[in-house]
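**Q** Below you'll find model_7.txt; it's compact mmCIF, C-alpha atoms.
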```
# COMPACT_ATOMS: atom_id res chain seq x y z
CA MET Q 10 116.40 39.52 113.93
CA PRO Q 11 113.95 42.34 113.10
CA HIS Q 12 113.15 43.28 116.70
CA ARG Q 13 116.84 43.71 117.45
CA LYS Q 14 117.13 46.06 114.50
CA VAL Q 15 114.16 48.09 115.77
CA GLY Q 16 115.71 48.17 119.20
CA PHE Q 17 118.97 49.41 117.72
CA GLY Q 18 117.20 52.14 115.72
CA LEU Q 19 115.25 53.34 118.77
CA ARG Q 20 118.40 53.35 120.83
CA GLY Q 21 120.05 55.45 118.12
CA ILE Q 22 117.24 58.01 118.19
CA GLY Q 23 117.27 58.09 121.97
CA HIS Q 24 121.02 58.52 122.03
CA ALA Q 25 120.88 61.34 119.51
CA MET Q 26 118.18 63.15 121.49
CA VAL Q 27 119.89 62.77 124.86
CA ASN Q 28 123.14 63.85 123.27
CA GLY Q 29 121.47 66.89 121.68
CA VAL Q 30 119.88 68.01 124.94
CA TRP Q 31 123.16 67.43 126.77
CA ARG Q 32 125.03 69.52 124.25
CA LEU Q 33 122.41 72.28 124.45
CA GLY Q 34 122.81 72.42 128.22
CA TYR Q 35 126.59 72.55 127.88
CA ALA Q 36 126.23 75.33 125.28
CA SER Q 37 123.94 77.34 127.61
CA ARG Q 38 126.42 77.01 130.46
CA PHE Q 39 129.23 78.05 128.12
CA PHE Q 40 127.20 81.09 127.01
CA LEU Q 41 126.44 82.15 130.58
CA LEU Q 42 130.07 81.66 131.58
CA THR Q 43 131.11 83.89 128.66
CA LEU Q 44 128.70 86.61 129.80
CA VAL Q 45 129.88 86.34 133.43
CA SER Q 46 133.57 86.50 132.54
CA SER Q 47 133.34 89.33 130.01
CA GLY Q 48 134.61 91.92 132.49
CA ALA Q 49 138.13 91.62 131.12
CA SER Q 50 137.00 92.34 127.55
CA PHE Q 51 135.98 95.84 128.65
CA ARG Q 52 138.73 96.44 131.18
CA ARG Q 53 141.33 95.47 128.58
CA ILE Q 54 139.45 97.00 125.69
CA HIS Q 55 142.25 96.44 123.16
CA LEU Q 56 141.43 92.73 123.23
CA THR Q 57 137.90 93.47 122.04
CA ILE Q 58 139.10 96.09 119.54
CA ARG Q 59 141.38 93.49 118.00
CA GLU Q 60 138.40 91.16 117.56
CA ILE Q 61 136.23 93.94 116.11
CA TYR Q 62 139.01 94.39 113.59
CA PHE Q 63 139.12 90.71 112.65
CA SER Q 64 135.39 90.02 112.54
CA GLY Q 65 134.04 93.48 111.65
CA VAL Q 66 136.57 95.38 109.57
CA MET Q 67 137.63 92.31 107.62
CA SER Q 68 133.99 91.53 106.73
CA LEU Q 69 133.48 95.06 105.44
CA ILE Q 70 134.28 94.41 101.78
CA ILE Q 71 131.97 91.42 101.37
CA ILE Q 72 129.16 93.21 103.26
CA LEU Q 73 129.43 96.40 101.21
CA VAL Q 74 129.69 94.65 97.84
CA SER Q 75 126.82 92.25 98.62
CA GLY Q 76 124.69 95.10 99.95
CA LEU Q 77 125.24 97.16 96.83
CA PHE Q 78 124.27 94.29 94.55
CA VAL Q 79 121.26 93.25 96.62
CA GLY Q 80 120.02 96.84 96.50
CA MET Q 81 120.59 97.02 92.74
CA VAL Q 82 118.72 93.75 92.17
CA LEU Q 83 115.87 94.98 94.36
CA GLY Q 84 115.77 98.14 92.25
CA LEU Q 85 115.52 96.17 89.00
CA GLN Q 86 113.04 93.57 90.21
CA GLY Q 87 110.95 96.08 92.13
CA TYR Q 88 110.72 98.36 89.12
CA GLU Q 89 109.78 95.43 86.89
CA THR Q 90 106.83 94.54 89.13
CA LEU Q 91 105.75 98.01 90.22
CA GLN Q 92 105.62 99.48 86.72
CA LYS Q 93 102.91 96.96 85.83
CA TYR Q 94 100.68 98.79 88.31
CA GLY Q 95 101.94 102.21 87.31
CA SER Q 96 103.34 102.88 90.76
CA GLU Q 97 107.08 102.85 90.13
CA SER Q 98 107.32 105.87 92.42
CA ALA Q 99 106.87 103.41 95.30
CA LEU Q 100 110.23 101.83 94.37
CA GLY Q 101 112.03 103.79 97.10
CA SER Q 102 109.78 102.52 99.86
CA LEU Q 103 109.96 98.95 98.54
CA VAL Q 104 113.75 98.93 98.45
CA ALA Q 105 114.19 100.67 101.80
CA LEU Q 106 111.58 98.69 103.71
CA SER Q 107 112.76 95.30 102.50
CA LEU Q 108 116.37 96.19 103.28
CA VAL Q 109 115.89 97.84 106.65
CA ARG Q 110 113.39 95.30 107.98
CA GLU Q 111 114.63 92.00 106.59
CA LEU Q 112 117.41 91.75 104.07
CA GLY Q 113 119.89 94.01 105.85
CA PRO Q 114 119.93 92.18 109.20
CA VAL Q 115 119.41 88.66 107.79
CA LEU Q 116 121.81 88.70 104.85
CA ALA Q 117 124.45 90.56 106.85
CA ALA Q 118 124.13 87.90 109.58
CA LEU Q 119 124.42 85.05 107.06
CA LEU Q 120 127.48 86.63 105.46
CA PHE Q 121 128.92 87.35 108.89
CA ALA Q 122 128.42 83.72 109.90
CA SER Q 123 130.28 82.44 106.88
CA ARG Q 124 132.98 85.11 106.88
CA ALA Q 125 133.69 85.71 110.57
CA GLY Q 126 131.86 82.89 112.38
CA SER Q 127 133.69 80.13 110.54
CA ALA Q 128 137.01 81.90 111.17
CA ILE Q 129 136.29 82.12 114.90
CA THR Q 130 135.40 78.42 115.07
CA ALA Q 131 138.48 77.36 113.16
CA GLU Q 132 140.73 79.58 115.25
CA ILE Q 133 139.44 78.39 118.62
CA GLY Q 134 139.24 74.78 117.43
CA LEU Q 135 142.85 74.91 116.34
CA MET Q 136 143.90 76.61 119.57
CA LYS Q 137 142.31 73.69 121.37
CA ALA Q 138 143.84 71.07 119.05
CA THR Q 139 147.32 72.53 119.53
CA GLU Q 140 146.69 72.65 123.30
CA GLN Q 141 147.03 76.42 123.58
CA ILE Q 142 143.81 76.51 125.61
CA SER Q 143 145.16 73.91 128.05
CA ALA Q 144 148.44 75.82 128.25
CA MET Q 145 146.54 78.95 129.25
CA GLU Q 146 144.70 77.04 131.94
CA MET Q 147 148.05 75.73 133.20
CA MET Q 148 149.27 79.32 133.52
CA ALA Q 149 146.11 80.24 135.45
CA VAL Q 150 144.85 82.40 132.57
CA ASP Q 151 141.13 81.91 132.13
CA PRO Q 152 140.70 81.06 128.42
CA ILE Q 153 137.02 82.05 128.53
CA SER Q 154 137.71 85.62 129.61
CA ARG Q 155 140.96 85.94 127.61
CA VAL Q 156 139.99 84.23 124.32
CA VAL Q 157 136.24 83.66 124.16
CA ALA Q 158 134.64 86.77 125.69
CA PRO Q 159 136.54 89.38 123.58
CA ARG Q 160 135.55 87.51 120.41
CA PHE Q 161 131.96 87.42 121.60
CA TRP Q 162 131.77 91.15 122.24
CA GLY Q 163 133.68 91.93 119.07
CA GLY Q 164 131.05 90.03 117.08
CA VAL Q 165 128.11 91.52 118.96
CA ILE Q 166 129.40 95.07 118.41
CA SER Q 167 130.30 94.49 114.75
CA MET Q 168 127.06 92.88 113.67
CA PRO Q 169 124.61 95.84 113.95
CA LEU Q 170 127.17 98.17 112.39
CA LEU Q 171 127.65 95.78 109.47
CA ALA Q 172 123.88 95.37 109.04
CA ALA Q 173 123.36 99.15 109.06
CA MET Q 174 126.05 99.57 106.41
CA PHE Q 175 124.50 96.77 104.36
CA SER Q 176 121.10 98.48 104.42
CA ALA Q 177 122.49 101.94 103.71
CA ILE Q 178 124.57 100.84 100.73
CA GLY Q 179 121.66 98.70 99.53
CA VAL Q 180 119.40 101.75 99.47
CA PHE Q 181 122.11 103.51 97.52
CA GLY Q 182 122.23 100.57 95.07
CA GLY Q 183 118.46 100.77 94.63
CA TYR Q 184 118.78 104.52 94.04
CA LEU Q 185 121.55 103.91 91.50
CA VAL Q 186 119.48 101.48 89.44
CA GLY Q 187 116.05 103.03 89.99
CA VAL Q 188 116.81 106.72 89.65
CA VAL Q 189 120.11 107.00 87.80
CA PHE Q 190 119.76 104.12 85.30
CA ILE Q 191 116.02 103.60 84.85
CA GLY Q 192 114.89 107.13 85.54
CA VAL Q 193 112.31 106.91 88.33
CA ASP Q 194 111.58 110.39 89.64
CA GLU Q 195 114.17 111.23 92.29
CA GLY Q 196 111.83 113.30 94.46
CA SER Q 197 109.14 110.65 94.71
CA PHE Q 198 111.77 107.94 95.28
CA TRP Q 199 113.06 109.63 98.43
CA SER Q 200 109.80 111.15 99.66
CA GLN Q 201 107.84 107.89 99.38
CA MET Q 202 110.70 106.15 101.15
CA GLN Q 203 110.69 108.67 103.98
CA ALA Q 204 106.92 108.46 104.27
CA ALA Q 205 107.01 104.67 104.47
CA VAL Q 206 110.03 104.03 106.72
CA ASP Q 207 109.33 104.78 110.36
CA PHE Q 208 112.34 105.30 112.61
CA ARG Q 209 111.01 103.45 115.65
CA GLN Q 210 109.04 100.80 113.80
CA ASP Q 211 111.50 99.90 111.05
CA VAL Q 212 115.02 101.19 111.71
CA VAL Q 213 115.15 100.44 115.45
CA ASN Q 214 113.54 97.02 114.95
CA GLY Q 215 116.13 96.24 112.29
CA VAL Q 216 118.91 97.14 114.72
CA ILE Q 217 117.34 94.96 117.43
CA LYS Q 218 117.24 92.09 114.95
CA SER Q 219 120.88 92.50 113.97
CA VAL Q 220 122.03 92.65 117.62
CA THR Q 221 120.11 89.42 118.30
CA PHE Q 222 121.65 87.75 115.25
CA GLY Q 223 125.09 88.99 116.31
CA VAL Q 224 124.69 87.34 119.72
CA ALA Q 225 123.39 84.11 118.18
CA VAL Q 226 125.98 83.77 115.41
CA THR Q 227 128.98 84.64 117.59
CA ALA Q 228 127.85 82.41 120.46
CA ILE Q 229 127.34 79.47 118.09
CA ALA Q 230 130.73 80.00 116.44
CA LEU Q 231 132.53 80.23 119.77
CA PHE Q 232 130.81 77.17 121.22
CA GLU Q 233 131.41 75.03 118.14
CA GLY Q 234 135.07 75.98 118.23
CA TYR Q 235 135.40 75.34 121.95
CA ASP Q 236 133.52 72.03 121.73
CA ALA Q 237 135.34 70.78 118.60
CA PRO Q 238 137.22 67.47 118.92
CA PRO Q 239 140.92 68.37 118.86
CA THR Q 240 141.60 66.79 115.48
CA ALA Q 241 141.81 68.14 111.94
CA GLU Q 242 138.56 66.40 111.10
CA GLY Q 243 136.86 67.66 114.26
CA VAL Q 244 137.76 71.29 113.48
CA SER Q 245 136.56 70.93 109.91
CA HIS Q 246 133.22 69.48 111.05
CA ALA Q 247 132.85 72.19 113.67
CA THR Q 248 133.41 74.92 111.06
CA THR Q 249 130.76 73.42 108.80
CA ARG Q 250 128.34 73.09 111.72
CA THR Q 251 128.88 76.74 112.65
CA VAL Q 252 127.75 77.97 109.24
CA VAL Q 253 124.80 75.56 108.99
CA THR Q 254 123.54 76.08 112.55
CA SER Q 255 124.01 79.85 112.37
CA ALA Q 256 122.04 80.06 109.13
CA LEU Q 257 119.17 77.99 110.54
CA VAL Q 258 119.12 79.85 113.86
CA VAL Q 259 119.23 83.26 112.15
CA LEU Q 260 116.32 82.41 109.85
CA GLY Q 261 114.30 80.86 112.69
CA LEU Q 262 114.94 83.81 115.01
CA ASP Q 263 114.06 86.17 112.18
CA PHE Q 264 110.63 84.58 111.86
CA ILE Q 265 110.00 84.82 115.61
CA LEU Q 266 111.20 88.43 115.84
CA THR Q 267 109.21 89.46 112.78
CA ALA Q 268 106.08 87.84 114.22
CA PHE Q 269 106.54 89.94 117.36
CA MET Q 270 107.54 93.19 115.65
CA PHE Q 271 105.36 93.54 112.57
CA ARG Q 272 101.87 92.34 113.20
CA GLY Q 273 100.34 94.66 110.67
CA VAL Q 274 99.22 97.38 113.06
CA MET T 13 149.33 100.85 125.57
CA GLU T 14 149.97 102.73 122.35
CA ARG T 15 147.95 103.54 119.29
CA THR T 16 148.19 101.13 116.40
CA THR T 17 146.97 101.15 112.81
CA LEU T 18 144.50 98.48 113.91
CA ASP T 19 142.81 101.05 116.15
CA LEU T 20 142.52 103.37 113.18
CA TRP T 21 140.72 100.74 111.11
CA VAL T 22 138.37 99.85 113.94
CA GLY T 23 137.68 103.57 114.41
CA VAL T 24 136.90 103.96 110.70
CA PHE T 25 134.65 100.90 110.89
CA VAL T 26 132.69 102.16 113.91
CA VAL T 27 132.32 105.65 112.42
CA GLY T 28 131.17 104.10 109.12
CA GLY T 29 128.58 102.00 110.94
CA LEU T 30 127.27 104.98 112.88
CA ILE T 31 127.08 107.08 109.69
CA ALA T 32 125.10 104.27 108.05
CA LEU T 33 122.70 104.28 111.02
CA LEU T 34 122.32 108.05 110.76
CA ILE T 35 121.63 107.74 107.03
CA LEU T 36 118.97 105.13 107.77
CA ALA T 37 117.43 107.38 110.41
CA PHE T 38 117.44 110.69 108.58
CA LYS T 39 117.70 110.06 104.86
CA VAL T 40 115.77 106.77 104.61
CA GLY T 41 113.55 107.10 107.68
CA ASN T 42 111.23 109.87 108.73
CA LEU T 43 113.29 111.30 111.58
CA GLY T 44 114.66 114.16 109.52
CA GLY T 45 111.34 115.34 108.15
CA TYR T 46 108.77 117.49 109.80
CA ASP T 47 109.32 117.73 113.55
CA GLY T 48 106.60 117.84 116.16
CA SER T 49 107.68 121.04 117.87
CA GLU T 50 105.68 124.27 117.75
CA THR T 51 102.37 123.12 116.44
CA TYR T 52 98.77 123.99 116.98
CA LYS T 53 95.93 121.50 117.15
CA VAL T 54 92.90 121.54 114.92
CA TYR T 55 90.13 119.00 114.77
CA GLY T 56 87.99 117.56 112.03
CA GLU T 57 84.96 115.28 112.04
CA PHE T 58 84.63 112.85 109.15
CA ASP T 59 81.85 110.43 108.16
CA ASN T 60 84.45 107.93 107.08
CA ILE T 61 88.22 108.13 107.31
CA GLY T 62 88.93 105.09 105.13
CA GLY T 63 92.49 103.94 105.76
CA LEU T 64 93.79 107.12 107.41
CA LYS T 65 96.35 106.43 110.11
CA VAL T 66 97.94 108.36 112.93
CA LYS T 67 101.05 110.17 111.67
CA ALA T 68 99.60 110.50 108.17
CA PRO T 69 100.60 113.81 106.60
CA VAL T 70 98.37 116.86 106.43
CA LYS T 71 99.04 118.61 103.14
CA SER T 72 97.98 121.83 101.57
CA ALA T 73 98.70 122.35 97.88
CA GLY T 74 100.82 119.21 98.12
CA VAL T 75 103.11 120.56 100.83
CA VAL T 76 103.24 118.77 104.19
CA VAL T 77 102.09 121.29 106.79
CA GLY T 78 101.35 118.91 109.67
CA ARG T 79 100.48 115.41 110.79
CA VAL T 80 97.49 113.50 112.08
CA SER T 81 98.11 113.08 115.80
CA ASP T 82 95.05 111.19 117.00
CA ILE T 83 92.01 109.41 115.62
CA GLN T 84 88.99 108.58 117.73
CA PHE T 85 85.42 107.50 117.30
CA ASP T 86 82.86 109.89 118.72
CA ASN T 87 80.11 107.75 120.20
CA LYS T 88 77.61 110.64 120.34
CA THR T 89 77.75 111.83 116.74
CA PHE T 90 78.99 108.49 115.32
CA LEU T 91 81.69 110.31 113.40
CA ALA T 92 85.44 109.87 113.29
CA PHE T 93 87.17 112.56 115.31
CA VAL T 94 90.60 113.37 113.91
CA GLU T 95 93.14 115.55 115.71
CA MET T 96 95.78 117.22 113.55
CA ARG T 97 98.88 119.13 114.54
CA ILE T 98 99.77 121.89 112.13
CA SER T 99 103.07 123.71 112.16
CA GLN T 100 102.98 127.22 113.63
CA ARG T 101 104.59 128.51 110.46
CA TYR T 102 101.41 127.88 108.47
CA ARG T 103 98.18 129.80 109.04
CA PHE T 104 94.88 128.93 107.43
CA PRO T 105 91.61 130.89 107.15
CA LYS T 106 88.76 129.82 109.41
CA ASP T 107 86.64 128.43 106.57
CA THR T 108 89.37 126.07 105.30
CA SER T 109 88.00 122.67 104.33
CA ALA T 110 89.68 119.31 105.00
CA ALA T 111 89.38 116.27 102.73
CA ILE T 112 90.80 112.77 103.02
CA LEU T 113 92.66 112.04 99.81
CA THR T 114 94.85 109.26 98.49
CA SER T 115 98.26 109.75 96.93
CA GLY T 116 98.42 107.59 93.83
CA LEU T 117 96.57 104.37 93.20
CA LEU T 118 98.21 102.35 95.98
CA GLY T 119 99.49 105.28 97.96
CA GLU T 120 98.79 106.21 101.55
CA GLN T 121 95.91 108.40 102.62
CA TYR T 122 96.44 111.96 103.78
CA ILE T 123 94.40 115.00 104.70
CA GLY T 124 94.33 117.75 102.12
CA LEU T 125 93.48 121.29 103.20
CA ASP T 126 91.79 123.76 100.84
CA ALA T 127 92.21 127.30 102.08
CA GLY T 128 89.06 129.42 102.26
CA GLY T 129 88.65 133.19 102.13
CA ASP T 130 87.85 134.14 105.71
CA GLU T 131 89.72 137.01 107.32
CA ALA T 132 90.24 135.23 110.64
CA ASN T 133 92.67 132.35 110.93
CA LEU T 134 92.25 128.94 112.52
CA LYS T 135 93.39 128.88 116.13
CA ASN T 136 94.55 126.13 118.45
CA GLY T 137 91.56 123.88 119.21
CA ASP T 138 89.40 124.99 116.29
CA LYS T 139 87.37 122.59 114.21
CA PHE T 140 87.05 122.39 110.44
CA LYS T 141 83.50 123.24 109.44
CA LEU T 142 83.70 121.60 106.03
CA THR T 143 85.08 118.09 105.74
CA GLN T 144 85.04 115.53 102.98
CA SER T 145 85.31 111.84 103.77
CA ALA T 146 87.53 109.26 102.20
CA VAL T 147 86.24 107.70 99.01
CA VAL T 148 85.14 104.15 99.69
CA LEU T 149 85.46 102.02 96.60
CA GLU T 150 82.33 99.97 97.33
CA HIS T 151 80.17 103.12 97.66
CA LEU T 152 81.60 104.44 94.41
CA ILE T 153 80.84 101.23 92.54
CA GLY T 154 77.40 101.06 94.14
CA GLN T 155 76.67 104.61 93.01
CA ALA T 156 77.84 103.90 89.48
CA LEU T 157 75.66 100.79 89.28
CA PHE T 158 72.70 102.69 90.68
CA ASN T 159 73.10 105.45 88.08
CA LYS T 160 73.46 102.88 85.32
CA ALA T 161 70.30 101.11 86.41
CA GLY T 162 68.46 104.43 86.53
CA GLU T 163 69.52 105.27 82.96
CA GLY T 164 68.53 101.82 81.70
CA GLY T 165 65.06 102.16 83.22
CA ASN T 166 64.49 105.58 81.57
CA LYS T 167 65.47 104.30 78.16
CA LYS T 168 63.27 101.26 78.31
CA ALA T 169 60.22 103.06 79.61
CA PRO T 170 59.24 104.91 76.34
CA ALA T 171 59.70 101.77 74.26
CA GLN T 172 56.93 99.93 76.01
```
Transcribe the structure of this file into structure tokens.
**A**
Amino acid sequence: MPHRKVGFGLRGIGHAMVNGVWRLGYASRFFLLTLVSSGASFRRIHLTIREIYFSGVMSLIIILVSGLFVGMVLGLQGYETLQKYGSESALGSLVALSLVRELGPVLAALLFASRAGSAITAEIGLMKATEQISAMEMMAVDPISRVVAPRFWGGVISMPLLAAMFSAIGVFGGYLVGVVFIGVDEGSFWSQMQAAVDFRQDVVNGVIKSVTFGVAVTAIALFEGYDAPPTAEGVSHATTRTVVTSALVVLGLDFILTAFMFRGV
Amino acid sequence: MERTTLDLWVGVFVVGGLIALLILAFKVGNLGGYDGSETYKVYGEFDNIGGLKVKAPVKSAGVVVGRVSDIQFDNKTFLAFVEMRISQRYRFPKDTSAAILTSGLLGEQYIGLDAGGDEANLKNGDKFKLTQSAVVLEHLIGQALFNKAGEGGNKKAPAQ
């Protein structure tokens, strides 16, 4: 029966769409509830500090090493291209601008999503699967303000700091390759960089980007964990979804923010 | 509540992040360079400013002595009216000339000052008497073609 098959397919699409919108609404309510009940994460600041330790400090190594290598690759590739036009002195501004504007916030957010976001999802998913969340509710402890909100603020605070460190060490990597190994003039490397990078236009916009990504990645990770079916398979799917959704949302948001921030004034 | 080693690590992390931000602001960005305090304004009128932008450096002998603070179009003289702020530390003779130059092939445009020999110095609100516009590539090519055509015509004329 072909028409029954068509009907089944349409129903599937409709179901998926309604389900998606439903889930989005639930996620928005969860996000708002997290914001409303975040008073405790500042009143009992050690809860948040603990989460900064787990999502920020523990991500430090991967962020610093990746940043250094990204900067070094930018130095090599940038030199390769710029020397064709005889303007290898612009290497500093190329490395710094690409790191501060784009690569720092975006790559740090992607690494953060896979390093800290997946851990948050797995942790909360497992807490739910082992009924720790329900136990808290039984004891009249609000799991949102005790478990979710501190993780949210820990991620939001860590993210811009990680992105700034990524950019700074990346610039150092570019300096290492460009100036120390290849031998671009040190003075023009730094002076062209300082002439090209504007504090308000580039550095502050980069920080705004990384704060936005921090909010997005942490909120997605928390929601996926909280919404995960309480089974081993459910937690594993939720962890995968966190990384995939975070990556897509970060790249999409990056395009929107860039379109607003850098319109080639 | 007592201090734990965890607090120490978080403290190190936050301090590291703030240091990275400061490095980005002062070493990578332009916040540490020339500051806007204690300046005097001078003005220049140019036929064509090319790609000059606000905040472009004003240099003399290659040293940054100030910045372009405003660019406007004068609708009476049809010239570009450029306001520059020069640091109080630097004094220039009244007959100093200003030219719009480019640093490198792809570099940014800046204003270069050539000191004159006048006894009196430029004061706040003075105007450069001698200015030289930015080089526009199309004009340059046009001029070269024009000269070439002129030469060609001269050579052919005696042959006829």
**Q** Please identify all residues of chain Q having at least one atom at most 10 Å from any atom of chain T, considering all atoms listed in the file, and return them as a VMD selection string.
**A** chain Q and resid 55 58 to 63 65 to 67 69 94 to 96 98 to 99 101 to 102 105 to 106 109 166 to 178 180 199 to 213 216 274
**Q** List the neighbours of region 136-140 of chain T out to 9 Å using all atoms listed in the file; skip same-chain residues closer than 5 positions along the sequence, and give me the result as a VMD selection string.
**A** chain T and resid 51 to 57 106 to 110
**Q** Which one is closest to Ile217 (chain Q): Q:Glu97, Q:Asp236, Q:Glu146, Q:Glu111? Count all atoms listed in the file.
**A**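 With all atoms listed in the file as the atom set, the closest residue is Q:Glu111.
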**Q** So which residues touch Asp263 (chain Q) within 9 Å, counting only C-alpha atoms, skipping near sequence neighbours fewer than 4 positions away, as a list in words?
**A** Glu111, Pro114, Val115, Lys218, Phe222, Val258, Val259, Thr267 and Ala268 of chain Q
**Q** Which value, in Å to one decimal, gives the distance between CA of Ser68 (chain Q) and CA of Val104 (chain Q)?
**A**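 Atom-to-atom, CA of Ser68 (chain Q) to CA of Val104 (chain Q), that is 23.1 Å.
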**Q** Skip Ile229 (chain Q) itself and residues of its chain fewer than 3 positions away, then list as a PyMOL selection string all residues within 8 Å of it, counting all atoms listed in the file.
**A** chain Q and resi 225-226+232-233+251+254-255
**Q** Might you pull out every residue within 12 Å of Gly192 (chain Q), with all atoms listed in the file counted and same-chain residues fewer than 6 positions away left off, and present them as a PyMOL selection string?
**A** chain Q and resi 84-85+88+97-98+100+183-186+198
**Q** Go ahead and compute the interatomic distance for CA of Ala92 (chain T) and CA of Leu125 (chain T), in Å to one decimal.
**A**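 Distance between the two atoms: 17.2 Å.
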**Q** Using all atoms listed in the file, which of Q:Ala122, Q:Leu266, Q:Val244, Q:Ala144 sits nearest Ala230 (chain Q)?
**A** Q:Ala122
**Q** Rank T:Lys141, T:Ile83, T:Ser99, T:Asp59 by their smallest atom-to-atom distance to Lys71 (chain T), using only C-alpha atoms, and report the top residue only.
**A**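 Closest to Lys71 (chain T) of all the choices is T:Ser99.
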**Q** What separation in Å, quoted to one decimal, exists between CA of Thr248 (chain Q) and CA of Gly179 (chain Q)?
**A**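 So the answer is 28.9 Å.
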**Q** Anything within 12 Å of (83.9, 104.2, 100.0): list those residues as JSON, numbers by chain, counting all atoms listed in the file and sticking to the file's coordinates.
**A** {"T": [59, 60, 61, 62, 63, 112, 113, 144, 145, 146, 147, 148, 149, 150, 151, 152, 153, 154, 155]}
**Q** Which is closer to Val77 (chain T) than all the others in T:Phe58, T:Phe158, T:Tyr122, T:Tyr102, using only C-alpha atoms?
**A**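 Result for the nearest residue to Val77 (chain T): T:Tyr102.
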**Q** Let me make sure I understand: among Q:Met136, Q:Val150, Q:Met270, Q:Ile129, which one has the smallest atom-to-atom distance to Val252 (chain Q) if we use all atoms listed in the file?
**A**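 For Val252 (chain Q), the nearest of the given residues is Q:Ile129.
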**Q** Pull region 50-61 of chain T out of the block and emit N, CA and C atoms, as a compact mmCIF listing (two decimals), in the first residue's frame.
**A**
```txt
# COMPACT_ATOMS: atom_id res chain seq x y z
N GLU T 50 47.09 64.36 27.12
CA GLU T 50 48.02 65.46 26.87
C GLU T 50 48.44 65.54 25.41
N THR T 51 47.48 65.98 24.62
CA THR T 51 47.76 66.12 23.20
C THR T 51 47.36 67.52 22.77
N TYR T 52 47.83 67.91 21.61
CA TYR T 52 47.29 69.12 21.00
C TYR T 52 46.82 68.78 19.59
N LYS T 53 45.79 69.53 19.16
CA LYS T 53 45.15 69.22 17.88
C LYS T 53 45.78 70.05 16.78
N VAL T 54 46.01 69.41 15.67
CA VAL T 54 46.38 70.14 14.46
C VAL T 54 45.52 69.60 13.33
N TYR T 55 45.35 70.42 12.31
CA TYR T 55 44.46 70.04 11.22
C TYR T 55 45.22 70.02 9.90
N GLY T 56 44.73 69.23 8.99
CA GLY T 56 45.31 69.21 7.65
C GLY T 56 44.22 69.01 6.64
N GLU T 57 44.36 69.69 5.47
CA GLU T 57 43.39 69.50 4.40
C GLU T 57 44.07 68.75 3.27
N PHE T 58 43.45 67.68 2.82
CA PHE T 58 44.03 66.84 1.78
C PHE T 58 43.08 66.75 0.59
N ASP T 59 43.65 66.68 -0.63
CA ASP T 59 42.83 66.47 -1.83
C ASP T 59 42.21 65.08 -1.79
N ASN T 60 42.98 64.13 -1.30
CA ASN T 60 42.53 62.75 -1.31
C ASN T 60 43.23 62.01 -0.17
N ILE T 61 42.45 61.37 0.69
CA ILE T 61 43.10 60.70 1.82
C ILE T 61 43.27 59.21 1.56
```
